[in-house]
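Pasted below: query-v2.tsv, TSV, C-alpha atoms.
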```tsv
chain	number	residue	atom	x	y	z
P	283	MET	CA	69.33	39.29	32.54
P	284	VAL	CA	72.61	39.44	34.42
P	285	GLU	CA	75.66	38.85	32.28
P	286	VAL	CA	78.33	36.76	33.96
P	287	ASP	CA	81.56	38.45	33.00
P	288	ASP	CA	84.73	39.80	34.60
P	289	GLU	CA	82.98	43.01	35.58
P	290	LEU	CA	80.50	41.01	37.64
P	291	VAL	CA	83.31	39.08	39.33
P	292	SER	CA	85.20	42.31	40.00
P	293	ALA	CA	82.13	43.94	41.55
P	294	PHE	CA	81.44	40.76	43.53
P	295	ILE	CA	84.79	40.73	45.29
P	296	ASP	CA	84.30	44.45	45.98
P	297	GLY	CA	80.84	43.78	47.51
P	298	GLU	CA	79.20	46.13	45.04
P	299	LEU	CA	76.54	43.91	43.46
P	300	SER	CA	72.85	44.73	43.14
P	301	GLN	CA	70.24	42.43	44.73
P	302	GLU	CA	69.46	40.85	41.36
P	303	GLU	CA	73.14	40.20	40.72
P	304	LEU	CA	73.59	38.72	44.22
P	305	LYS	CA	70.92	36.14	43.50
P	306	VAL	CA	72.68	35.11	40.31
P	307	VAL	CA	76.02	34.93	42.06
P	308	ALA	CA	74.58	32.81	44.93
P	309	ARG	CA	73.34	30.29	42.39
P	310	LEU	CA	76.66	30.30	40.53
P	311	ALA	CA	78.65	29.81	43.73
P	312	ASP	CA	76.65	26.62	44.45
P	313	GLN	CA	76.61	25.16	40.99
P	314	ASP	CA	79.49	26.51	38.92
P	315	ALA	CA	83.05	25.48	39.73
P	316	ASN	CA	84.33	27.75	36.98
P	317	TRP	CA	82.76	30.74	38.72
P	318	ARG	CA	84.42	29.82	41.98
P	319	ASP	CA	87.78	29.59	40.21
P	320	ARG	CA	87.31	33.01	38.66
P	321	VAL	CA	86.40	34.57	41.96
P	322	GLN	CA	89.39	32.92	43.55
P	323	ALA	CA	91.67	34.21	40.82
P	324	PHE	CA	90.40	37.80	41.27
P	325	ARG	CA	90.90	37.61	45.02
P	326	ALA	CA	94.40	36.23	44.52
P	327	ASP	CA	95.23	39.11	42.20
P	328	SER	CA	93.95	41.57	44.75
P	329	GLU	CA	96.04	40.01	47.51
P	330	ALA	CA	99.09	39.90	45.27
P	331	LEU	CA	98.69	43.57	44.55
P	332	LYS	CA	98.45	44.44	48.21
P	333	LYS	CA	101.47	42.29	49.04
P	334	GLN	CA	103.72	44.13	46.63
P	335	PRO	CA	106.42	45.77	48.71
P	336	SER	CA	105.97	49.41	49.58
P	337	PRO	CA	108.48	51.58	51.36
P	338	ASP	CA	107.49	52.67	54.85
P	339	LEU	CA	107.27	56.30	55.77
P	340	LYS	CA	110.47	57.04	57.64
P	341	ASP	CA	110.44	59.30	60.66
P	342	SER	CA	112.71	61.77	58.86
P	343	GLN	CA	110.31	61.95	55.91
P	344	ARG	CA	107.35	62.28	58.22
P	345	LYS	CA	108.98	65.13	60.10
P	346	LEU	CA	110.22	66.88	56.96
P	347	ALA	CA	106.86	66.83	55.18
P	348	PHE	CA	105.12	68.16	58.28
P	349	GLU	CA	107.63	70.96	58.71
P	350	LEU	CA	107.47	71.86	55.04
P	351	ALA	CA	103.69	71.98	55.19
P	352	ILE	CA	103.75	74.29	58.19
P	353	LYS	CA	106.59	76.37	56.80
P	354	ASN	CA	104.83	76.72	53.51
P	355	LEU	CA	101.94	78.48	55.20
P	356	ASP	CA	104.32	80.94	56.87
P	357	SER	CA	106.25	81.62	53.71
P	358	GLY	CA	102.98	81.80	51.82
P	359	VAL	CA	101.80	84.57	54.13
P	360	GLU	CA	105.11	86.38	53.61
P	361	ARG	CA	104.84	85.96	49.88
P	362	ARG	CA	101.38	87.47	49.89
P	363	ARG	CA	102.43	90.41	52.02
P	364	VAL	CA	105.52	91.32	50.06
P	365	PRO	CA	103.92	91.55	46.63
P	366	ARG	CA	101.02	93.53	48.09
P	367	PHE	CA	103.49	95.95	49.60
P	368	ARG	CA	105.39	96.15	46.35
P	369	ARG	CA	102.23	96.46	44.35
P	370	ARG	CA	101.27	99.53	46.36
P	371	TRP	CA	104.59	101.13	45.62
P	372	MET	CA	104.34	100.19	41.98
P	373	MET	CA	100.84	101.61	41.80
P	374	ALA	CA	101.96	104.82	43.49
P	375	ALA	CA	104.99	105.02	41.23
P	376	SER	CA	102.86	104.50	38.15
P	377	PHE	CA	100.98	107.68	39.06
P	378	VAL	CA	103.87	109.75	40.37
P	379	VAL	CA	106.58	108.98	37.82
P	380	PRO	CA	104.64	110.18	34.76
P	381	VAL	CA	103.71	113.36	36.65
P	382	ILE	CA	107.35	114.00	37.55
P	383	LEU	CA	108.49	113.29	34.02
P	384	THR	CA	105.82	115.56	32.59
P	385	LEU	CA	106.73	118.37	34.97
P	386	ALA	CA	110.40	117.83	34.25
P	387	PHE	CA	109.70	117.95	30.54
P	388	PHE	CA	107.92	121.28	30.74
P	389	GLN	CA	110.43	122.68	33.19
P	390	ASN	CA	113.28	121.45	31.06
P	391	PRO	CA	111.65	120.75	27.76
P	392	GLN	CA	114.77	120.32	25.73
P	393	SER	CA	117.27	118.60	27.88
P	394	THR	CA	118.89	117.32	24.72
P	395	PHE	CA	119.23	120.92	23.46
P	396	ARG	CA	117.51	120.12	20.20
P	397	LEU	CA	115.42	122.44	18.11
P	398	TYR	CA	113.56	121.27	15.08
P	399	LEU	CA	113.18	123.03	11.79
P	400	LYS	CA	109.50	122.70	11.18
P	401	ALA	CA	107.00	124.27	8.89
P	402	GLU	CA	105.94	126.71	11.60
P	403	GLY	CA	109.44	127.66	12.69
P	404	LEU	CA	112.31	126.55	14.82
P	405	GLU	CA	110.72	124.74	17.71
P	406	LEU	CA	111.74	123.07	20.91
P	407	GLN	CA	109.31	120.25	20.47
P	408	ALA	CA	110.83	116.84	20.50
P	409	ARG	CA	107.80	115.54	18.64
P	410	ARG	CA	108.41	115.57	14.95
P	411	SER	CA	105.87	116.78	12.46
P	412	ILE	CA	105.68	117.26	8.75
P	413	MET	CA	107.79	120.10	7.45
P	414	GLU	CA	107.62	119.12	3.82
P	415	SER	CA	107.75	122.19	1.65
P	416	ASP	CA	110.05	123.76	-0.90
P	417	PHE	CA	111.79	127.07	-1.27
P	418	ARG	CA	113.70	129.09	-3.78
P	419	ASP	CA	116.84	131.01	-2.88
P	420	SER	CA	116.50	130.70	0.89
P	421	ARG	CA	114.32	129.70	3.79
P	422	SER	CA	114.57	130.81	7.43
P	423	TRP	CA	113.32	129.37	10.70
P	424	SER	CA	113.19	131.50	13.84
P	425	SER	CA	112.74	130.29	17.37
P	426	PRO	CA	110.49	131.75	20.03
P	427	ALA	CA	112.17	133.51	22.97
P	428	LEU	CA	114.56	131.08	24.63
P	429	TRP	CA	116.27	130.76	28.00
P	430	GLY	CA	119.11	128.41	28.68
P	431	LYS	CA	122.41	128.01	30.49
P	432	LEU	CA	125.43	127.75	28.20
P	433	GLN	CA	127.30	124.47	28.21
P	434	ALA	CA	130.75	125.71	27.37
P	435	GLU	CA	132.14	122.31	26.41
P	436	GLU	CA	129.36	121.69	23.87
P	437	THR	CA	128.92	123.08	20.39
P	438	SER	CA	126.21	123.52	17.76
P	439	SER	CA	125.30	120.95	15.16
P	440	LEU	CA	122.87	121.30	12.30
P	441	SER	CA	121.35	118.62	10.12
P	442	PHE	CA	118.58	118.67	7.53
P	443	GLN	CA	117.13	116.54	4.77
P	444	VAL	CA	116.61	118.02	1.32
P	445	ASP	CA	116.19	117.09	-2.31
P	446	SER	CA	116.87	119.07	-5.46
P	447	GLU	CA	113.93	120.16	-7.56
P	448	GLU	CA	116.24	121.21	-10.38
P	449	SER	CA	117.83	119.14	-13.12
P	450	SER	CA	121.13	120.94	-12.75
P	451	ALA	CA	123.60	120.65	-9.90
P	452	GLN	CA	122.91	122.76	-6.87
P	453	SER	CA	124.39	123.22	-3.48
P	454	VAL	CA	122.84	124.28	-0.22
P	455	PHE	CA	124.55	126.03	2.65
P	456	SER	CA	123.32	127.20	5.97
P	457	LYS	CA	123.70	129.85	8.65
P	458	VAL	CA	122.68	130.02	12.31
P	459	GLU	CA	122.26	133.38	14.04
P	460	TYR	CA	121.99	133.93	17.79
P	461	ASP	CA	120.41	136.95	19.47
P	462	PHE	CA	121.09	136.10	23.12
P	463	GLU	CA	118.92	138.77	24.72
P	464	GLY	CA	116.22	139.04	22.08
P	465	ASP	CA	116.95	142.70	21.46
P	466	GLY	CA	117.19	142.35	17.70
P	467	THR	CA	120.98	142.31	17.62
P	468	VAL	CA	122.72	139.31	16.09
P	469	ASP	CA	125.37	138.42	18.69
P	470	ARG	CA	126.78	135.31	17.05
P	471	THR	CA	126.72	133.95	13.52
P	472	GLU	CA	127.72	130.47	12.41
P	473	GLN	CA	128.36	129.72	8.76
P	474	TYR	CA	128.19	126.07	7.73
P	475	ALA	CA	129.88	124.46	4.75
P	476	ALA	CA	127.99	124.16	1.48
P	477	GLU	CA	126.67	120.72	0.59
P	478	GLU	CA	126.26	119.71	-3.01
P	479	LEU	CA	123.08	117.93	-3.91
P	480	ASP	CA	123.18	114.87	-6.13
P	481	ILE	CA	120.36	115.24	-8.64
P	482	ARG	CA	120.30	111.45	-9.19
P	483	LYS	CA	119.55	110.79	-5.58
P	484	GLY	CA	116.35	111.42	-3.75
P	485	TRP	CA	116.33	112.71	-0.21
P	486	GLU	CA	119.78	113.49	1.15
P	487	ARG	CA	120.51	114.24	4.79
P	488	PHE	CA	123.36	116.58	5.54
P	489	THR	CA	125.21	117.51	8.71
P	490	PRO	CA	127.46	120.26	7.38
P	491	ASN	CA	130.68	121.24	9.11
P	492	LEU	CA	130.92	124.59	10.80
P	493	ASN	CA	133.00	126.77	8.47
P	494	GLU	CA	133.33	129.93	10.50
P	495	SER	CA	131.70	131.72	13.39
P	496	GLU	CA	131.62	135.27	14.64
P	497	GLY	CA	130.83	136.27	18.24
P	498	ASP	CA	130.97	134.17	21.41
P	499	TYR	CA	128.26	132.09	22.97
P	500	ARG	CA	126.42	133.51	25.97
P	501	ASP	CA	123.52	132.38	28.07
P	502	LEU	CA	120.16	132.70	26.37
P	503	GLU	CA	117.97	135.18	28.22
P	504	GLY	CA	114.84	135.54	26.16
P	505	GLY	CA	117.05	135.25	23.12
P	506	ARG	CA	116.24	133.97	19.66
P	507	ILE	CA	117.91	131.63	17.24
P	508	LYS	CA	117.46	131.80	13.50
P	509	VAL	CA	118.42	129.14	10.96
P	510	THR	CA	118.65	129.91	7.27
P	511	LEU	CA	119.21	127.55	4.38
P	512	PHE	CA	120.38	128.99	1.06
P	513	CYS	CA	120.33	127.57	-2.40
P	514	SER	CA	123.49	128.71	-4.10
P	515	THR	CA	122.14	128.80	-7.64
P	516	GLY	CA	118.81	130.31	-6.77
P	517	GLY	CA	117.13	127.06	-7.70
P	518	GLU	CA	114.36	125.29	-5.88
P	519	ILE	CA	115.05	123.04	-2.91
P	520	LYS	CA	112.58	120.59	-1.55
P	521	LEU	CA	112.50	120.00	2.19
P	522	SER	CA	111.79	116.57	3.57
P	523	GLY	CA	108.99	115.70	5.89
P	524	THR	CA	111.71	114.66	8.34
P	525	PRO	CA	112.48	117.89	10.18
P	526	GLY	CA	115.90	119.44	10.23
P	527	GLU	CA	117.54	119.51	13.62
P	528	LEU	CA	119.67	122.07	15.39
P	529	ILE	CA	121.53	120.98	18.49
P	530	VAL	CA	122.57	123.95	20.63
P	531	PRO	CA	124.98	123.99	23.59
P	532	TYR	CA	122.49	124.90	26.29
P	533	ARG	CA	121.25	123.20	29.41
P	534	GLY	CA	117.71	123.56	30.66
P	535	LEU	CA	116.60	125.15	27.46
P	536	ARG	CA	113.08	126.48	27.66
P	537	GLY	CA	111.09	128.77	25.49
P	538	SER	CA	108.02	130.92	25.26
P	539	LYS	CA	105.11	129.64	23.27
P	540	GLY	CA	104.84	130.36	19.59
P	541	ALA	CA	107.42	130.60	16.92
P	542	GLN	CA	108.30	133.63	14.93
T	245	MET	CA	88.14	69.62	67.01
T	246	LEU	CA	90.26	68.35	64.14
T	247	THR	CA	93.62	70.04	63.83
T	248	PHE	CA	96.14	69.76	61.06
T	249	GLU	CA	98.53	67.96	63.37
T	250	THR	CA	96.01	65.29	64.37
T	251	LEU	CA	95.00	64.83	60.75
T	252	TYR	CA	98.63	64.44	59.81
T	253	GLN	CA	99.25	61.86	62.54
T	254	LYS	CA	96.17	59.93	61.52
T	255	ARG	CA	96.63	59.98	57.75
T	256	ALA	CA	100.32	60.38	56.98
T	257	ASP	CA	101.06	56.66	56.60
T	258	LEU	CA	98.10	55.96	54.36
T	259	LEU	CA	98.79	58.98	52.18
T	260	PHE	CA	102.43	57.98	51.87
T	261	LEU	CA	101.37	54.50	50.80
T	262	LEU	CA	99.05	55.97	48.18
T	263	CYS	CA	101.82	58.28	46.99
T	264	THR	CA	104.07	55.28	46.41
T	265	LYS	CA	101.27	53.55	44.51
T	266	LEU	CA	100.50	56.55	42.34
T	267	GLU	CA	104.16	57.27	41.62
T	268	GLY	CA	106.50	54.45	40.69
T	269	ASP	CA	109.59	56.33	41.75
T	270	GLN	CA	110.43	56.67	45.43
T	271	GLU	CA	111.85	60.16	45.03
T	272	VAL	CA	108.79	61.39	43.14
T	273	ALA	CA	106.54	59.75	45.72
T	274	GLU	CA	108.28	61.77	48.44
T	275	ILE	CA	107.87	64.96	46.42
T	276	LEU	CA	104.18	64.14	46.01
T	277	PHE	CA	103.85	63.40	49.72
T	278	GLN	CA	105.35	66.76	50.66
T	279	ASP	CA	103.33	68.59	48.05
T	280	VAL	CA	100.01	67.11	49.08
T	281	TRP	CA	100.55	67.96	52.75
T	282	ARG	CA	101.44	71.52	51.87
T	283	ARG	CA	98.25	71.66	49.86
T	284	ILE	CA	96.24	70.09	52.68
T	285	HIS	CA	97.70	72.55	55.17
T	286	SER	CA	96.98	75.57	53.02
T	287	GLN	CA	93.38	74.46	52.37
T	288	PHE	CA	92.77	72.93	55.77
T	289	GLY	CA	89.93	75.25	56.69
T	290	SER	CA	87.74	73.98	53.86
T	291	ALA	CA	88.21	70.35	55.00
T	292	LEU	CA	86.27	70.68	58.23
T	293	ASP	CA	82.81	70.59	56.71
T	294	GLN	CA	83.49	67.88	54.12
T	295	ASP	CA	83.97	64.14	53.97
T	296	GLU	CA	87.49	63.91	55.30
T	297	GLU	CA	88.70	60.99	53.23
T	298	ILE	CA	87.27	62.21	49.96
T	299	TRP	CA	88.63	65.69	50.62
T	300	LEU	CA	92.10	64.28	51.39
T	301	PHE	CA	92.28	62.03	48.37
T	302	THR	CA	90.96	64.74	46.08
T	303	ARG	CA	93.87	66.92	47.29
T	304	LEU	CA	96.18	63.97	46.67
T	305	LEU	CA	95.03	63.54	43.09
T	306	ASP	CA	95.30	67.29	42.47
T	307	SER	CA	98.86	67.20	43.78
T	308	HIS	CA	99.58	64.11	41.74
T	309	ARG	CA	98.49	65.89	38.56
T	310	ARG	CA	100.55	68.93	39.50
T	311	VAL	CA	103.67	66.89	40.22
T	312	GLN	CA	103.21	65.04	36.95
T	313	ARG	CA	102.99	68.34	35.10
T	314	ARG	CA	106.10	69.60	36.86
T	315	LEU	CA	107.99	66.47	35.92
T	316	GLN	CA	106.84	66.49	32.34
T	317	GLY	CA	109.73	65.91	30.00
T	318	ARG	CA	111.53	63.64	32.42
T	319	PRO	CA	111.67	59.96	31.48
T	320	SER	CA	108.31	58.33	32.15
T	321	LEU	CA	108.34	56.42	35.39
T	322	GLU	CA	105.01	54.73	34.77
T	323	SER	CA	106.35	52.39	32.13
T	324	THR	CA	109.39	51.25	34.09
T	325	GLY	CA	107.91	50.50	37.51
T	326	SER	CA	105.71	47.81	38.97
T	327	PRO	CA	102.80	46.18	37.09
T	328	LEU	CA	100.53	48.71	38.78
T	329	MET	CA	102.51	51.55	37.25
T	330	SER	CA	101.94	50.10	33.78
T	331	LEU	CA	98.24	50.93	34.09
T	332	PRO	CA	97.04	54.20	32.59
T	333	SER	CA	96.02	56.75	35.23
T	334	GLU	CA	92.30	56.41	34.56
T	335	PHE	CA	92.51	52.74	35.59
T	336	ARG	CA	95.25	52.98	38.20
T	337	TRP	CA	93.58	55.69	40.29
T	338	PRO	CA	90.30	53.84	40.98
T	339	LEU	CA	92.23	50.62	41.66
T	340	VAL	CA	94.54	52.36	44.16
T	341	LEU	CA	91.60	53.99	45.92
T	342	ARG	CA	89.78	50.66	46.07
T	343	GLU	CA	92.61	48.36	47.07
T	344	PHE	CA	94.71	50.60	49.29
T	345	ALA	CA	92.30	53.21	50.62
T	346	GLY	CA	89.36	50.81	50.86
T	347	PHE	CA	86.99	53.17	49.10
T	348	ASP	CA	83.65	51.88	47.85
T	349	TYR	CA	82.44	52.73	44.37
T	350	ALA	CA	80.46	55.74	45.52
T	351	GLN	CA	83.48	57.25	47.26
T	352	ILE	CA	85.71	56.56	44.27
T	353	GLY	CA	83.12	58.16	42.01
T	354	ARG	CA	82.95	61.27	44.20
T	355	THR	CA	86.72	61.56	44.42
T	356	LEU	CA	87.32	61.14	40.71
T	357	GLY	CA	84.13	62.80	39.52
T	358	LEU	CA	82.85	59.63	37.86
T	359	PRO	CA	79.45	57.87	37.89
T	360	GLU	CA	79.44	54.56	39.75
T	361	PRO	CA	78.86	52.37	36.65
T	362	THR	CA	81.98	53.93	35.13
T	363	VAL	CA	83.93	53.20	38.31
T	364	ARG	CA	82.79	49.59	38.17
T	365	THR	CA	83.79	49.22	34.53
T	366	ARG	CA	87.16	50.86	35.08
T	367	LEU	CA	87.95	48.68	38.06
T	368	SER	CA	87.15	45.57	36.08
T	369	ARG	CA	89.29	46.79	33.21
T	370	ALA	CA	92.07	47.78	35.63
T	371	ARG	CA	92.13	44.29	37.11
T	372	ALA	CA	92.30	42.68	33.68
T	373	LEU	CA	95.19	44.94	32.69
T	374	LEU	CA	96.92	44.33	35.99
T	375	ARG	CA	96.65	40.56	35.62
T	376	LYS	CA	98.17	40.76	32.17
T	377	ALA	CA	100.95	43.00	33.46
T	378	MET	CA	101.72	40.62	36.31
T	379	GLU	CA	101.77	37.65	33.93
T	380	ASP	CA	104.09	39.55	31.60
T	381	ALA	CA	106.32	40.41	34.55
T	382	VAL	CA	106.53	36.74	35.54
T	383	VAL	CA	107.24	35.63	31.97
T	384	GLY	CA	109.74	38.46	31.46
```

File written out as structure tokens:
Amino acid sequence: MVEVDDELVSAFIDGELSQEELKVVARLADQDANWRDRVQAFRADSEALKKQPSPDLKDSQRKLAFELAIKNLDSGVERRRVPRFRRRWMMAASFVVPVILTLAFFQNPQSTFRLYLKAEGLELQARRSIMESDFRDSRSWSSPALWGKLQAEETSSLSFQVDSEESSAQSVFSKVEYDFEGDGTVDRTEQYAAEELDIRKGWERFTPNLNESEGDYRDLEGGRIKVTLFCSTGGEIKLSGTPGELIVPYRGLRGSKGAQ
Amino acid sequence: MLTFETLYQKRADLLFLLCTKLEGDQEVAEILFQDVWRRIHSQFGSALDQDEEIWLFTRLLDSHRRVQRRLQGRPSLESTGSPLMSLPSEFRWPLVLREFAGFDYAQIGRTLGLPEPTVRTRLSRARALLRKAMEDAVVG
């Protein structure tokens, strides 16, 4: 059974009816004035739609679109080539740069001239590790053999983080000793100001001022540096897991493996 | 042997007409026209072994979607243009392909990825909506 509705009329004016539908429509066209009116209305709508004004394609637009289409292919080829070229450099750089940085690090492991007070000793490693421990009276850290060129305009700086294990007031002071040739002779000594610990506080980080020094700096040639912290009252001092840090005035500082 | 230039000469006017029917705004229609020809040029090699018209109008509809996405956020042009532009895309596209490109239902279905009965229903619905829009335009 063919249903006579707008969809049938729409398909009829489009010439898209099935054979069965065509038979129905042929009968309607002969007998049904209403059908003819509907078909006429659909055709009128279609014509009205097509008659709606549309701008013509101007020659300038025609030429521009053509040129852009052609140009786009050229620029597209360029765009593909450039990133590929850059990608190769980036890929090469991603291999080379880490190698250079790694070599530079081992050649010049402490370009910031920092040594860390760690559980094992005074080390060049930039990587921090747990140093947490405690000591009574004093605690020393010695470096491995070191080589470095003196930076005359720079100076030493020491910082550390401690907490008091005692209920009474204590103070901690520090000393740095330099043996520039590693022959066992202390060539320079730096005495830092005492810092008083507040027993009500937890961890306290100090960067004591340099009080006095004896001996001049020289280049490090297999030399050693020793840091000592003292507790003035002979009480117990707890050292933080955050390592103490000694900044020394040397360029290209490098050291032998192993701390003493 | 079909070249891009001969294709352009043969189809530029029709594609421009369709662009103006898909986009209510003249400026956007020009953007679409340029975009679709860039797309056609860049994919020209794949056109040679396919139905030329369907391939072209599929590129056109892809470009149309892309331009619409690019212009998202700008004031809608569809609601302010001609009665045709008041039709939702799913009804406007088959009607444009039928009335202005002369596609039959099978070609419309292949271009839009729709079964023929759906094309038939949408065209009927599109015409009903268009008639109402034209009546409203006359009354308004």

Kindly provide, as a count of residues only, the residues of chain T having any atom no farther than 8 Å from an atom of chain P, counting all atoms listed in the file. 27

Could you state the separation of CA of Ser538 (chain P) and CA of Gly504 (chain P) in Å, given to one decimal place?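 These atoms are spaced 8.3 Å apart.
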
Find the residues around Asp480 (chain P) up to 9 Å (only C-alpha atoms counted), leave out those fewer than 4 positions away in its own chain, and share them as an NGL selection string. :P and (445-446 or 451-453 or 484 or 486)

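The nearest approach to Gly268 (chain T) among the residues T:Arg303, T:Ser330, T:Ile298, T:Gln287, with only C-alpha atoms taken into account, belongs to T:Ser330.
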
Can you tell me how far CA of Ser422 (chain P) sits from CA of Arg487 (chain P), in Å to one decimal?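 We find that CA of Ser422 (chain P) and CA of Arg487 (chain P) lie 17.8 Å from each other.
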
For Leu300 (chain T), find every residue with an atom within 10 Å (counting all atoms listed in the file), except residues of its own chain fewer than 2 positions away, and show them as a count of residues only. 20

Quick one, how far is CA of Phe335 (chain T) from CA of Ala372 (chain T)?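 Separating CA of Phe335 (chain T) from CA of Ala372 (chain T) is a distance of 10.2 Å.
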
Determine, counting only C-alpha atoms, every residue of protein, DNA or RNA that lies within 6 Å of (90.1, 53.0, 37.5) in the file coordinates, then give the result as a ChimeraX atom specification. /T:334-339,366-367,370

Close residues, Trp429 (chain P) itself excluded, 10 Å, all atoms listed in the file, min 3 positions apart in chain, as a CSV table (one decimal) with C-alpha atoms, in the frame of the given file:
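Contents of selection-v5.csv, freshly written:
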```csv
chain,number,residue,atom,x,y,z
P,426,PRO,CA,110.5,131.8,20.0
P,432,LEU,CA,125.4,127.8,28.2
P,462,PHE,CA,121.1,136.1,23.1
P,463,GLU,CA,118.9,138.8,24.7
P,501,ASP,CA,123.5,132.4,28.1
P,502,LEU,CA,120.2,132.7,26.4
P,503,GLU,CA,118.0,135.2,28.2
P,504,GLY,CA,114.8,135.5,26.2
P,505,GLY,CA,117.0,135.2,23.1
P,506,ARG,CA,116.2,134.0,19.7
P,532,TYR,CA,122.5,124.9,26.3
P,533,ARG,CA,121.2,123.2,29.4
P,534,GLY,CA,117.7,123.6,30.7
P,535,LEU,CA,116.6,125.2,27.5
P,536,ARG,CA,113.1,126.5,27.7
P,537,GLY,CA,111.1,128.8,25.5
P,538,SER,CA,108.0,130.9,25.3
```

Can you pull out every residue within 9 Å of Trp317 (chain P), counting all atoms listed in the file, but drop anything in the same chain fewer than 5 positions away, and send it as a PyMOL selection string? chain P and resi 286+291+307+310-311+322

Find the spatial neighbours of Asn491 (chain P), counting only C-alpha atoms, within a cut-off of 7 Å - ignore same-chain residues fewer than 2 positions away - and output them as a list in words.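 So the residues in contact are Tyr474, Ala475, Thr489 and Asn493 of chain P.
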
Given the choices P:Thr384, P:Ser425, P:Thr510, P:Ser376, which gets closest to Gly464 (chain P) if the distance is worked out from only C-alpha atoms? P:Ser425
